[in-house]
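These notes are about the structure you will find just below.
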Amino acid sequence: MLFLLDFSDFLLNGFLTTLQVTLVGVGLGIILGILAALGDIYGGKIVKIIVNVYVEFFRGSPLIAQLFLIYFTLPVLTGLKLDVITVGYLTLALNSGAYQKGYLKGAMEAVFKDQFLAALSLGLPLRKILMYVVVPQSLRIVIPAWSNELASMAKSTTALIVIGVREFLNTGVSITAQTFKPLETYLFITIVYFIWIYSMLKILDIIYNRVKIPGLEPVI
Amino acid sequence: MEFSRSISLKRLTMTPIEQLTFLLRAVPITLSISLLSFLLGLTLGIIFSFIRIYGIAPLRYIADGYEKVFRSVPVLSIMFLLYFGLGGYIPIFKDSYLTSVIALGLVSGANQSQIFRSSIGSIGRSQMLAATSLGLSSFKALRHVILPQALFLAVPGLGSEIALLIKDSSYSFIIGVLELMKHTDILRAATRSLVFPYIASALIYVALTFPLATYLDKWGSKKKRELGL
Amino acid sequence: MNVLECKNLVKVYGKVVAVKNVSLGIGRGETKVIFGPSGSGKSTLLRCLGLLEKPTSGNIYFNNVDVYATKQDLNKLRAKIGFVFQEPSLFRHLTALRNVMLGLKHVLGYSEEESRSKAMEALRLVKMEDWANYYPAQLSGGQQQRVGIARAIAMDPEIILFDEPTAALDVELKWEVISVMKDLADRGITMLIATHELRFAKEVADEMIFMDQGEIIEIGDAEQFFTSPTTERARRFMAKLLG
């Protein structure tokens with residue numbers, strides 16, 4: 001596998017791209033997920049329908065199909081032409097948001113129901129209710145789901161290969177084309193994915209175990 | 001990487017019905033990949049979950065390692081490793097269809113092992129004790145007492161696992177399997193239309209996965225209540 | 001002088017009128033009990049009085065000051081009105097002690113040490129001092145309710161509102177919560193209690209209020225309700241409760 005040293009910068013760039021799209025995808029997905037969850041809890045009939053169609057579509061179709069739709073179909077329909085990396089961010093965010101809506105809604109309902117009223121009855125102002133009651137509870141409920149989501153997003157980023165994003169696995173395609181050593185190349189890449197994703201899961205697990213509290217079970 | 005530029009036909013004019021028919025013809029292939037990899041995953045999942053719970057130490061570590069590895073790597077990178085990396089050495093991996101089934105099945109096995117572990121966990125130790133107290137061998141106890149209950153409890157999880165496999169079978173398009181995504185790509189090239197093929201195929205996937213996720217989940221929780229599990 | 005009072009209070013949700021034109025006052029040191037069938041509007045009335053929900057119309061007075069007309073700082077007043085909920089609603093991420101300390105520290109502004117000692121005092125009052133470091137999920141329903149009462153009492157409120165605090169509890173857990181409430185009544189703490197525990201009500205209530213379909217149907221002392229309710233609806237409800 002030593003020949004891969006010649007490609008270390010190339011591989012590193014690919015890996016950083018993968019890392020970046022994963023984090024941006026999940027990060028923007030949280031925002032979309034929160035909005036969708038709020039829409040589903042507090043929205044009117046039409047908002048609820050829109051939220052559910054969005055969620056079912058993005059949960060029910062493959063990421064590859066979604067990438068094609070946003071890369072090829074969207075510009076034809078709207079005239080909006082996006083570069084590949086933006087398509088990557090956008091699609092991953094929409095995809096992740098659809099998945100995250102589910103548990104974010106659960107977390108919100110769990111925290112908001114009685115806990116909010118109890119905090120209110122003590123005379124806590126809204127800012128302090130959020131700071132001392134809502135946020136600490138929601139975070140504990142949501143960490144395990146985030147950890148799942150990060151891992152699954154990290155794995156999904158390989159789909160970006162179909163629109164030509166130079167992510168980590170795609171660097172392997174280029175290296176193989178030059179070196180004709182697919183076994184070593186893909187073995188190396190697969191091992192790196194494993195180390196990265198496994199340690200990410202492990203770290204979040206350690207964090208969760210440090211902050212977890214009996215009775216405050218995660219919703220997944 | 002070039003995937004499908006090889007097909008450069010003259011532009012075809014097809015009615016939406018003809019296009020849809022063309023796409024639907026790929027559905028059996030997509031479903032067969034999903035189903036076969038599901039069955040492979042089911043077998044692996046049952047075996048490894050039982051080993052992890054009831055097995056002896058060295059086997060347990062292997063099962064544990066298998067689960068950890070295959071839950072932490074992208075299925076596409078496994079496909080590439082098997083197809084491009086091992087295809088030259090092991091004949092079975094020369095075939096993109098079989099490679100896809102195996103890669104998806106290996107990953108699914110790790111997922112299903114976890115699904116079964118959690119359902120066996122909720123059955124509890126007492127069932128195993130009760131079965132062995134009747135004089136059943138451990139194998140028979142697993143086969144006749146634990147497994148049927150575990151399967152039942154696992155239904156909602158398995159339903160979303162099949163849905164996941166239907167979606168993830170689209171990765172096999174990248175190594176050239178003629179499934180739904182590949183048909184979509186061919187149709188796109190033939191009709192030079194970027195709209196209909198992509199929207200139609202995405203909706204076909206939704207139609208295939210939606211009932212699995214929704215109804216099996218409801219059915220599962222209803223049965224669970226009925227059985228008092 | 002009434003600590004808490006409402007006049008012509010109405011609360012409407014969509015098309016449902018939960019509370020119809022209710023007027024009621026609780027004087028300092030008094031204990032009043034509200035009872036009535038579920039859905040009679042007790043909970044809504046209490047939440048309005050606790051300033052947790054804004055009435056659709058009508059006035060609420062705290063120490064004779066009209067709360068909404070004079071645009072009072074609601075959070076300041078909420079701190080002076082204790083509230084105990086039907087479902088145990090302890091903050092799930094905090095221990096019993098921390099639950100009681102939260103308001104002391106972040107609403108009343110006591111230091112960490114002061115909050116801790118005041119909270120321990122309140123927990124002692126409800127006989128939960130030995131459970132101070134347990135999380136809500138590790139406590140029984142009755143214990144959670146007692147901590148909930150401690151959380152309210154620690155704020156040194158001028159009145160405490162109880163919204164059926166024993167309704168969600170098993171029979172054997174009810175008595176421990178009831179005995180704590182009795183203790184509070186003996187100490188002269190001003191209370192308005194929604195409850196169906198009539199024997200307890202008889203012991204502590206200066207006045208009993210029967211509500212049905214959002215209205216006050218009858219007000220009287222416990223003796224009167226037990227022997228000869230004046231209204232037909234109260235008579236029927238008493239018959240059902242007493243079996």
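Labeling convention for the structure tokens: chains A, B, ... as they appear, residues from 1 per chain, ligands from 1 in order of appearance.
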
Q. Quick one: residues within 8 Å of region 44-57 of chain C, only C-alpha atoms counted, chain neighbours fewer than 3 positions away excluded, as number ranges by chain?
A. A: 117, 120-121; C: 4-6, 8-12, 18-19, 41, 60, 74, 78, 81-83, 161-163

Write out as a short mmCIF file (atom, residue, chain, number, x, y, z; two decimals) with N, CA and C atoms, in the first residue's frame each polymer residue whose atoms come within 10 Å of Val173 (chain A), counting only C-alpha atoms; drop sequence neighbours fewer than 4 positions from it.
data_model
loop_
_atom_site.label_atom_id
_atom_site.label_comp_id
_atom_site.auth_asym_id
_atom_site.auth_seq_id
_atom_site.Cartn_x
_atom_site.Cartn_y
_atom_site.Cartn_z
N ILE A 161 -20.49 10.53 -5.75
CA ILE A 161 -19.68 10.09 -6.87
C ILE A 161 -20.47 10.21 -8.19
N ARG A 166 -15.52 15.26 -5.95
CA ARG A 166 -14.27 14.59 -5.61
C ARG A 166 -14.23 14.26 -4.13
N PHE A 168 -14.00 11.22 -0.94
CA PHE A 168 -12.93 10.28 -0.61
C PHE A 168 -12.92 9.04 -1.51
N LEU A 169 -14.08 8.42 -1.69
CA LEU A 169 -14.12 7.20 -2.49
C LEU A 169 -13.76 7.49 -3.95
N ALA A 177 -7.30 4.29 -11.55
CA ALA A 177 -7.14 4.49 -12.99
C ALA A 177 -5.67 4.70 -13.35
N GLN A 178 -4.90 5.29 -12.41
CA GLN A 178 -3.48 5.54 -12.69
C GLN A 178 -2.58 4.37 -12.30
N PHE A 180 -3.64 1.03 -11.38
CA PHE A 180 -4.18 -0.32 -11.59
C PHE A 180 -4.00 -1.20 -10.35
N PRO A 182 -6.52 -1.68 -7.67
CA PRO A 182 -7.80 -1.42 -7.00
C PRO A 182 -7.90 -2.08 -5.62
N THR A 185 -6.00 -0.05 -3.02
CA THR A 185 -6.59 1.28 -2.91
C THR A 185 -7.92 1.24 -2.16
N TYR A 186 -8.81 0.37 -2.61
CA TYR A 186 -10.14 0.35 -1.99
C TYR A 186 -10.10 -0.24 -0.58
N MET B 1 -15.53 9.80 -13.37
CA MET B 1 -15.88 8.45 -13.81
C MET B 1 -17.06 8.52 -14.77
N PHE B 80 -17.01 -1.52 -4.30
CA PHE B 80 -15.81 -1.23 -5.09
C PHE B 80 -14.69 -2.20 -4.72
N PHE B 84 -14.05 -4.25 -7.97
CA PHE B 84 -12.81 -3.86 -8.65
C PHE B 84 -11.59 -4.51 -8.02
#

Q.
Need to verify the contact set: Tyr61 (chain B), 12 Å, only C-alpha atoms, exclusion of same-chain residues closer than 6 positions in sequence. Can you return it as a count of residues only?
A. 9

Contacts from chain B to chain A, 7 Å maximum, only C-alpha atoms: show me the residue list as a PDB file with N, CA and C atoms, in the first residue's frame.
ATOM      1  N   VAL B  69     -17.682  -3.482  12.104  1.00  0.00           N
ATOM      2  CA  VAL B  69     -17.068  -3.114  10.834  1.00  0.00           C
ATOM      3  C   VAL B  69     -18.132  -2.777   9.793  1.00  0.00           C
ATOM      4  N   SER B  72     -19.985   0.423  10.017  1.00  0.00           N
ATOM      5  CA  SER B  72     -19.200   1.658   9.959  1.00  0.00           C
ATOM      6  C   SER B  72     -18.536   1.912   8.617  1.00  0.00           C
ATOM      7  N   VAL B  73     -18.851   1.123   7.591  1.00  0.00           N
ATOM      8  CA  VAL B  73     -18.261   1.425   6.281  1.00  0.00           C
ATOM      9  C   VAL B  73     -19.361   1.593   5.239  1.00  0.00           C
ATOM     10  N   PRO B  74     -19.125   2.468   4.259  1.00  0.00           N
ATOM     11  CA  PRO B  74     -20.137   2.700   3.224  1.00  0.00           C
ATOM     12  C   PRO B  74     -20.288   1.455   2.348  1.00  0.00           C
ATOM     13  N   LEU B  76     -21.019   1.315  -0.700  1.00  0.00           N
ATOM     14  CA  LEU B  76     -20.413   1.514  -2.020  1.00  0.00           C
ATOM     15  C   LEU B  76     -18.915   1.207  -1.993  1.00  0.00           C
ATOM     16  N   SER B  77     -18.268   1.543  -0.882  1.00  0.00           N
ATOM     17  CA  SER B  77     -16.835   1.263  -0.835  1.00  0.00           C
ATOM     18  C   SER B  77     -16.598  -0.248  -0.726  1.00  0.00           C
ATOM     19  N   ILE B  78     -17.543  -0.970  -0.094  1.00  0.00           N
ATOM     20  CA  ILE B  78     -17.429  -2.433  -0.076  1.00  0.00           C
ATOM     21  C   ILE B  78     -17.645  -2.994  -1.481  1.00  0.00           C
ATOM     22  N   PHE B  80     -17.010  -1.521  -4.304  1.00  0.00           N
ATOM     23  CA  PHE B  80     -15.806  -1.234  -5.091  1.00  0.00           C
ATOM     24  C   PHE B  80     -14.690  -2.204  -4.724  1.00  0.00           C
ATOM     25  N   LEU B  81     -14.553  -2.428  -3.405  1.00  0.00           N
ATOM     26  CA  LEU B  81     -13.495  -3.323  -2.939  1.00  0.00           C
ATOM     27  C   LEU B  81     -13.697  -4.729  -3.499  1.00  0.00           C
ATOM     28  N   PHE B  84     -14.051  -4.251  -7.972  1.00  0.00           N
ATOM     29  CA  PHE B  84     -12.814  -3.860  -8.653  1.00  0.00           C
ATOM     30  C   PHE B  84     -11.591  -4.508  -8.015  1.00  0.00           C
ATOM     31  N   GLY B  85     -11.640  -4.642  -6.669  1.00  0.00           N
ATOM     32  CA  GLY B  85     -10.475  -5.142  -5.955  1.00  0.00           C
ATOM     33  C   GLY B  85     -10.327  -6.652  -6.008  1.00  0.00           C
ATOM     34  N   LEU B  86     -11.422  -7.373  -5.758  1.00  0.00           N
ATOM     35  CA  LEU B  86     -11.331  -8.829  -5.678  1.00  0.00           C
ATOM     36  C   LEU B  86     -11.838  -9.528  -6.930  1.00  0.00           C
ATOM     37  N   LYS B 167     -33.693   1.121  -1.405  1.00  0.00           N
ATOM     38  CA  LYS B 167     -33.041   2.390  -1.746  1.00  0.00           C
ATOM     39  C   LYS B 167     -31.557   2.178  -2.035  1.00  0.00           C
ATOM     40  N   ASP B 168     -30.890   1.422  -1.166  1.00  0.00           N
ATOM     41  CA  ASP B 168     -29.444   1.249  -1.321  1.00  0.00           C
ATOM     42  C   ASP B 168     -29.074   0.364  -2.515  1.00  0.00           C
ATOM     43  N   SER B 170     -29.749   0.991  -5.273  1.00  0.00           N
ATOM     44  CA  SER B 170     -29.412   1.928  -6.353  1.00  0.00           C
ATOM     45  C   SER B 170     -27.895   2.122  -6.475  1.00  0.00           C
ATOM     46  N   LEU B 194     -34.236  15.371 -19.057  1.00  0.00           N
ATOM     47  CA  LEU B 194     -33.702  15.351 -17.701  1.00  0.00           C
ATOM     48  C   LEU B 194     -34.809  15.421 -16.665  1.00  0.00           C
ATOM     49  N   VAL B 195     -36.057  15.431 -17.122  1.00  0.00           N
ATOM     50  CA  VAL B 195     -37.139  15.648 -16.174  1.00  0.00           C
ATOM     51  C   VAL B 195     -37.912  14.370 -15.878  1.00  0.00           C
ATOM     52  N   TYR B 198     -36.146  11.019 -14.195  1.00  0.00           N
ATOM     53  CA  TYR B 198     -35.704  11.130 -12.806  1.00  0.00           C
ATOM     54  C   TYR B 198     -36.870  11.238 -11.833  1.00  0.00           C
ATOM     55  N   ILE B 199     -37.878  12.042 -12.220  1.00  0.00           N
ATOM     56  CA  ILE B 199     -39.027  12.184 -11.316  1.00  0.00           C
ATOM     57  C   ILE B 199     -39.757  10.851 -11.211  1.00  0.00           C
ATOM     58  N   ALA B 202     -37.795   8.236  -9.112  1.00  0.00           N
ATOM     59  CA  ALA B 202     -37.809   8.555  -7.677  1.00  0.00           C
ATOM     60  C   ALA B 202     -39.154   8.174  -7.077  1.00  0.00           C
ATOM     61  N   TYR B 205     -39.511   4.450  -6.545  1.00  0.00           N
ATOM     62  CA  TYR B 205     -38.857   4.037  -5.293  1.00  0.00           C
ATOM     63  C   TYR B 205     -39.735   4.354  -4.084  1.00  0.00           C
ATOM     64  N   VAL B 206     -40.311   5.555  -4.074  1.00  0.00           N
ATOM     65  CA  VAL B 206     -41.173   5.934  -2.939  1.00  0.00           C
ATOM     66  C   VAL B 206     -42.340   4.954  -2.830  1.00  0.00           C
ATOM     67  N   THR B 209     -41.112   1.686  -1.282  1.00  0.00           N
ATOM     68  CA  THR B 209     -40.675   1.678   0.125  1.00  0.00           C
ATOM     69  C   THR B 209     -41.761   2.130   1.084  1.00  0.00           C
ATOM     70  N   PHE B 210     -42.642   2.996   0.644  1.00  0.00           N
ATOM     71  CA  PHE B 210     -43.609   3.608   1.553  1.00  0.00           C
ATOM     72  C   PHE B 210     -44.453   2.601   2.340  1.00  0.00           C
TER      73      PHE B 210
END

Q: Quote the spacing between CA of Ser179 (chain C) and CA of Arg199 (chain C) in Å to one decimal place.
A: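 CA of Ser179 (chain C) sits 12.0 Å away from CA of Arg199 (chain C).
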
With a cut-off of 12 Å, could you pull out the residues of chain A touching chain C and give me the nearest pair of atoms for each, distance in Å to one decimal, using only C-alpha atoms, ordered by chain and ascending number, as JSON lines?
{"residue": "A:Ala110", "atom": "CA", "partner": "C:Arg92", "partner_atom": "CA", "distance": 10.4}
{"residue": "A:Val111", "atom": "CA", "partner": "C:Arg92", "partner_atom": "CA", "distance": 9.1}
{"residue": "A:Phe112", "atom": "CA", "partner": "C:Phe91", "partner_atom": "CA", "distance": 11.1}
{"residue": "A:Lys113", "atom": "CA", "partner": "C:Ser89", "partner_atom": "CA", "distance": 9.5}
{"residue": "A:Asp114", "atom": "CA", "partner": "C:Ser89", "partner_atom": "CA", "distance": 5.9}
{"residue": "A:Gln115", "atom": "CA", "partner": "C:Ser89", "partner_atom": "CA", "distance": 6.1}
{"residue": "A:Phe116", "atom": "CA", "partner": "C:Phe91", "partner_atom": "CA", "distance": 9.2}
{"residue": "A:Leu117", "atom": "CA", "partner": "C:Leu52", "partner_atom": "CA", "distance": 7.1}
{"residue": "A:Ala118", "atom": "CA", "partner": "C:Ser89", "partner_atom": "CA", "distance": 6.3}
{"residue": "A:Ala119", "atom": "CA", "partner": "C:Phe91", "partner_atom": "CA", "distance": 8.3}
{"residue": "A:Leu120", "atom": "CA", "partner": "C:Leu52", "partner_atom": "CA", "distance": 6.9}
{"residue": "A:Ser121", "atom": "CA", "partner": "C:Arg78", "partner_atom": "CA", "distance": 5.6}
{"residue": "A:Leu122", "atom": "CA", "partner": "C:Ala79", "partner_atom": "CA", "distance": 5.0}
{"residue": "A:Gly123", "atom": "CA", "partner": "C:Asn75", "partner_atom": "CA", "distance": 4.1}
{"residue": "A:Leu124", "atom": "CA", "partner": "C:Val107", "partner_atom": "CA", "distance": 5.9}
{"residue": "A:Pro125", "atom": "CA", "partner": "C:Asn75", "partner_atom": "CA", "distance": 6.3}
{"residue": "A:Leu126", "atom": "CA", "partner": "C:Asn75", "partner_atom": "CA", "distance": 9.4}
{"residue": "A:Arg127", "atom": "CA", "partner": "C:His106", "partner_atom": "CA", "distance": 11.1}
{"residue": "A:Lys128", "atom": "CA", "partner": "C:His106", "partner_atom": "CA", "distance": 7.7}
{"residue": "A:Ile129", "atom": "CA", "partner": "C:His106", "partner_atom": "CA", "distance": 9.9}
{"residue": "A:Met131", "atom": "CA", "partner": "C:His106", "partner_atom": "CA", "distance": 10.7}
{"residue": "A:Tyr132", "atom": "CA", "partner": "C:Leu102", "partner_atom": "CA", "distance": 8.3}
{"residue": "A:Val133", "atom": "CA", "partner": "C:Phe91", "partner_atom": "CA", "distance": 7.0}
{"residue": "A:Val134", "atom": "CA", "partner": "C:Phe91", "partner_atom": "CA", "distance": 9.5}
{"residue": "A:Val135", "atom": "CA", "partner": "C:His93", "partner_atom": "CA", "distance": 10.4}
{"residue": "A:Pro136", "atom": "CA", "partner": "C:His93", "partner_atom": "CA", "distance": 7.4}
{"residue": "A:Gln137", "atom": "CA", "partner": "C:His93", "partner_atom": "CA", "distance": 6.1}
{"residue": "A:Ser138", "atom": "CA", "partner": "C:His93", "partner_atom": "CA", "distance": 9.8}
{"residue": "A:Leu139", "atom": "CA", "partner": "C:His93", "partner_atom": "CA", "distance": 10.6}
{"residue": "A:Arg140", "atom": "CA", "partner": "C:His93", "partner_atom": "CA", "distance": 8.6}
{"residue": "A:Ile141", "atom": "CA", "partner": "C:His93", "partner_atom": "CA", "distance": 10.2}
{"residue": "A:Val211", "atom": "CA", "partner": "C:His93", "partner_atom": "CA", "distance": 9.6}
{"residue": "A:Lys212", "atom": "CA", "partner": "C:His93", "partner_atom": "CA", "distance": 8.6}
{"residue": "A:Ile213", "atom": "CA", "partner": "C:His93", "partner_atom": "CA", "distance": 6.3}
{"residue": "A:Pro214", "atom": "CA", "partner": "C:Ala137", "partner_atom": "CA", "distance": 6.1}
{"residue": "A:Gly215", "atom": "CA", "partner": "C:Ala137", "partner_atom": "CA", "distance": 4.7}
{"residue": "A:Leu216", "atom": "CA", "partner": "C:Arg92", "partner_atom": "CA", "distance": 6.3}
{"residue": "A:Glu217", "atom": "CA", "partner": "C:Arg92", "partner_atom": "CA", "distance": 9.9}

Selected residues written out, N, CA and C atoms, as a short mmCIF file (atom, residue, chain, number, x, y, z; two decimals), in the first residue's frame:
data_model
loop_
_atom_site.label_atom_id
_atom_site.label_comp_id
_atom_site.auth_asym_id
_atom_site.auth_seq_id
_atom_site.Cartn_x
_atom_site.Cartn_y
_atom_site.Cartn_z
N ALA A 110 -41.61 15.51 23.80
CA ALA A 110 -41.28 14.99 25.12
C ALA A 110 -40.92 16.11 26.08
N VAL A 111 -40.18 17.10 25.59
CA VAL A 111 -39.72 18.15 26.48
C VAL A 111 -40.78 19.22 26.69
N PHE A 112 -41.52 19.53 25.64
CA PHE A 112 -42.39 20.68 25.75
C PHE A 112 -43.65 20.42 26.56
N LYS A 113 -44.12 19.19 26.56
CA LYS A 113 -45.43 18.93 27.13
C LYS A 113 -45.59 19.46 28.56
N ASP A 114 -45.10 18.71 29.53
CA ASP A 114 -45.32 19.13 30.90
C ASP A 114 -44.18 19.98 31.45
N GLN A 115 -42.97 19.74 30.92
CA GLN A 115 -41.80 20.39 31.48
C GLN A 115 -41.84 21.91 31.33
N PHE A 116 -42.35 22.35 30.21
CA PHE A 116 -42.40 23.77 29.93
C PHE A 116 -43.32 24.46 30.92
N LEU A 117 -44.49 23.86 31.12
CA LEU A 117 -45.48 24.44 32.03
C LEU A 117 -44.95 24.47 33.46
N ALA A 118 -44.25 23.40 33.85
CA ALA A 118 -43.70 23.34 35.20
C ALA A 118 -42.69 24.46 35.41
N ALA A 119 -41.85 24.69 34.40
CA ALA A 119 -40.85 25.75 34.50
C ALA A 119 -41.52 27.11 34.55
N LEU A 120 -42.58 27.24 33.76
CA LEU A 120 -43.31 28.50 33.72
C LEU A 120 -43.92 28.80 35.09
N SER A 121 -44.43 27.76 35.75
CA SER A 121 -45.12 27.97 37.03
C SER A 121 -44.17 28.44 38.12
N LEU A 122 -42.87 28.20 37.93
CA LEU A 122 -41.90 28.68 38.92
C LEU A 122 -41.56 30.14 38.70
N GLY A 123 -42.01 30.68 37.56
CA GLY A 123 -41.72 32.07 37.26
C GLY A 123 -40.46 32.27 36.44
N LEU A 124 -39.94 31.18 35.85
CA LEU A 124 -38.75 31.33 35.00
C LEU A 124 -39.11 32.05 33.71
N PRO A 125 -38.31 33.03 33.31
CA PRO A 125 -38.54 33.67 32.01
C PRO A 125 -38.16 32.71 30.88
N LEU A 126 -38.71 32.96 29.69
CA LEU A 126 -38.53 32.06 28.55
C LEU A 126 -37.06 31.70 28.30
N ARG A 127 -36.21 32.72 28.35
CA ARG A 127 -34.78 32.49 28.07
C ARG A 127 -34.21 31.44 29.03
N LYS A 128 -34.57 31.58 30.31
CA LYS A 128 -34.06 30.63 31.30
C LYS A 128 -34.72 29.26 31.18
N ILE A 129 -35.97 29.23 30.76
CA ILE A 129 -36.63 27.94 30.54
C ILE A 129 -35.88 27.18 29.45
N MET A 131 -32.77 27.68 28.53
CA MET A 131 -31.39 27.42 28.94
C MET A 131 -31.29 26.29 29.96
N TYR A 132 -32.18 26.27 30.94
CA TYR A 132 -32.02 25.32 32.03
C TYR A 132 -32.90 24.07 31.92
N VAL A 133 -33.93 24.14 31.08
CA VAL A 133 -34.83 22.98 31.00
C VAL A 133 -34.87 22.38 29.60
N VAL A 134 -35.22 23.20 28.61
CA VAL A 134 -35.47 22.64 27.28
C VAL A 134 -34.18 22.13 26.62
N VAL A 135 -33.16 22.99 26.58
CA VAL A 135 -31.93 22.59 25.87
C VAL A 135 -31.22 21.41 26.54
N PRO A 136 -30.99 21.47 27.88
CA PRO A 136 -30.29 20.31 28.46
C PRO A 136 -31.03 18.99 28.28
N GLN A 137 -32.35 19.04 28.27
CA GLN A 137 -33.10 17.79 28.07
C GLN A 137 -33.04 17.35 26.62
N SER A 138 -33.30 18.28 25.70
CA SER A 138 -33.34 17.90 24.28
C SER A 138 -32.00 17.33 23.85
N LEU A 139 -30.91 17.97 24.27
CA LEU A 139 -29.59 17.50 23.84
C LEU A 139 -29.37 16.06 24.27
N ARG A 140 -29.73 15.76 25.51
CA ARG A 140 -29.53 14.38 25.99
C ARG A 140 -30.39 13.40 25.21
N ILE A 141 -31.59 13.82 24.87
CA ILE A 141 -32.48 12.92 24.14
C ILE A 141 -31.96 12.67 22.73
N VAL A 211 -23.14 12.11 30.02
CA VAL A 211 -24.19 13.07 30.38
C VAL A 211 -25.56 12.42 30.57
N LYS A 212 -25.65 11.12 30.33
CA LYS A 212 -27.00 10.54 30.36
C LYS A 212 -27.56 10.46 31.77
N ILE A 213 -28.86 10.44 31.84
CA ILE A 213 -29.57 10.50 33.11
C ILE A 213 -30.68 9.46 33.07
N PRO A 214 -30.85 8.70 34.15
CA PRO A 214 -31.93 7.71 34.14
C PRO A 214 -33.28 8.37 33.88
N GLY A 215 -34.06 7.76 33.04
CA GLY A 215 -35.41 8.27 32.81
C GLY A 215 -35.49 9.23 31.65
N LEU A 216 -34.34 9.72 31.20
CA LEU A 216 -34.37 10.65 30.06
C LEU A 216 -33.90 9.88 28.85
N GLU A 217 -34.78 9.00 28.36
CA GLU A 217 -34.36 8.08 27.31
C GLU A 217 -34.39 8.75 25.95
#

Q: Output as a PyMOL selection string all residues of region 39-158 of chain C that backbone DSSP marks as strand (DSSP E or B).
A: chain C and resi 57-62+65-66+81-84

Restricted to N, CA and C atoms, what would the selected residues look like written as a compact mmCIF listing (two decimals), in the first residue's frame?
# COMPACT_ATOMS: atom_id res chain seq x y z
N SER C 57 -61.63 36.07 28.79
CA SER C 57 -62.09 37.34 29.34
C SER C 57 -62.23 37.21 30.85
N GLY C 58 -62.47 38.31 31.51
CA GLY C 58 -62.56 38.30 32.97
C GLY C 58 -61.28 38.83 33.59
N ASN C 59 -61.29 38.97 34.93
CA ASN C 59 -60.15 39.57 35.61
C ASN C 59 -59.58 38.63 36.66
N ILE C 60 -58.26 38.73 36.83
CA ILE C 60 -57.61 37.98 37.91
C ILE C 60 -56.88 38.99 38.79
N TYR C 61 -57.10 38.87 40.08
CA TYR C 61 -56.47 39.79 41.02
C TYR C 61 -55.51 39.05 41.92
N PHE C 62 -54.30 39.58 42.04
CA PHE C 62 -53.35 39.04 43.00
C PHE C 62 -53.13 40.12 44.05
N VAL C 65 -54.66 43.39 43.12
CA VAL C 65 -54.21 44.14 41.94
C VAL C 65 -54.61 43.34 40.70
N ASP C 66 -55.27 43.99 39.76
CA ASP C 66 -55.71 43.31 38.54
C ASP C 66 -54.47 42.98 37.69
N ILE C 81 -46.95 32.26 43.21
CA ILE C 81 -48.08 31.33 43.19
C ILE C 81 -47.52 29.93 42.91
N GLY C 82 -47.53 29.09 43.92
CA GLY C 82 -47.02 27.72 43.71
C GLY C 82 -48.02 26.91 42.91
N PHE C 83 -47.51 25.93 42.15
CA PHE C 83 -48.41 25.10 41.36
C PHE C 83 -47.94 23.66 41.41
N VAL C 84 -48.84 22.76 41.75
CA VAL C 84 -48.51 21.34 41.73
C VAL C 84 -49.42 20.67 40.71

(Q) Give me, as a VMD selection string, the residues of region 12-217 of chain B that a backbone DSSP run labels alpha helix (DSSP H). (A) chain B and resid 16 to 24 27 to 54 57 to 71 75 to 80 96 to 123 125 to 133 138 to 141 147 to 168 180 to 191 196 to 217

**Q.** Non-local contacts of Val171 (chain C) (12 Å; only C-alpha atoms; under 6 positions in same chain excluded) as number ranges by chain
**A.** C: 141-142, 177-178, 197

Q. Excluding same-chain residues fewer than 2 positions from region 24-34 of chain C, what lies within 6 Å of it counting only C-alpha atoms, as a PyMOL selection string?
A. chain C and resi 1-6+188-194+205-210

Q: Find the residues near region 136-148 of chain B: any atom within 10 Å, counting only C-alpha atoms, skip ones fewer than 4 places away on the same chain, and give them as a PyMOL selection string.
A: chain B and resi 46+50+54+116+119-120+123-125+127-132+152-154
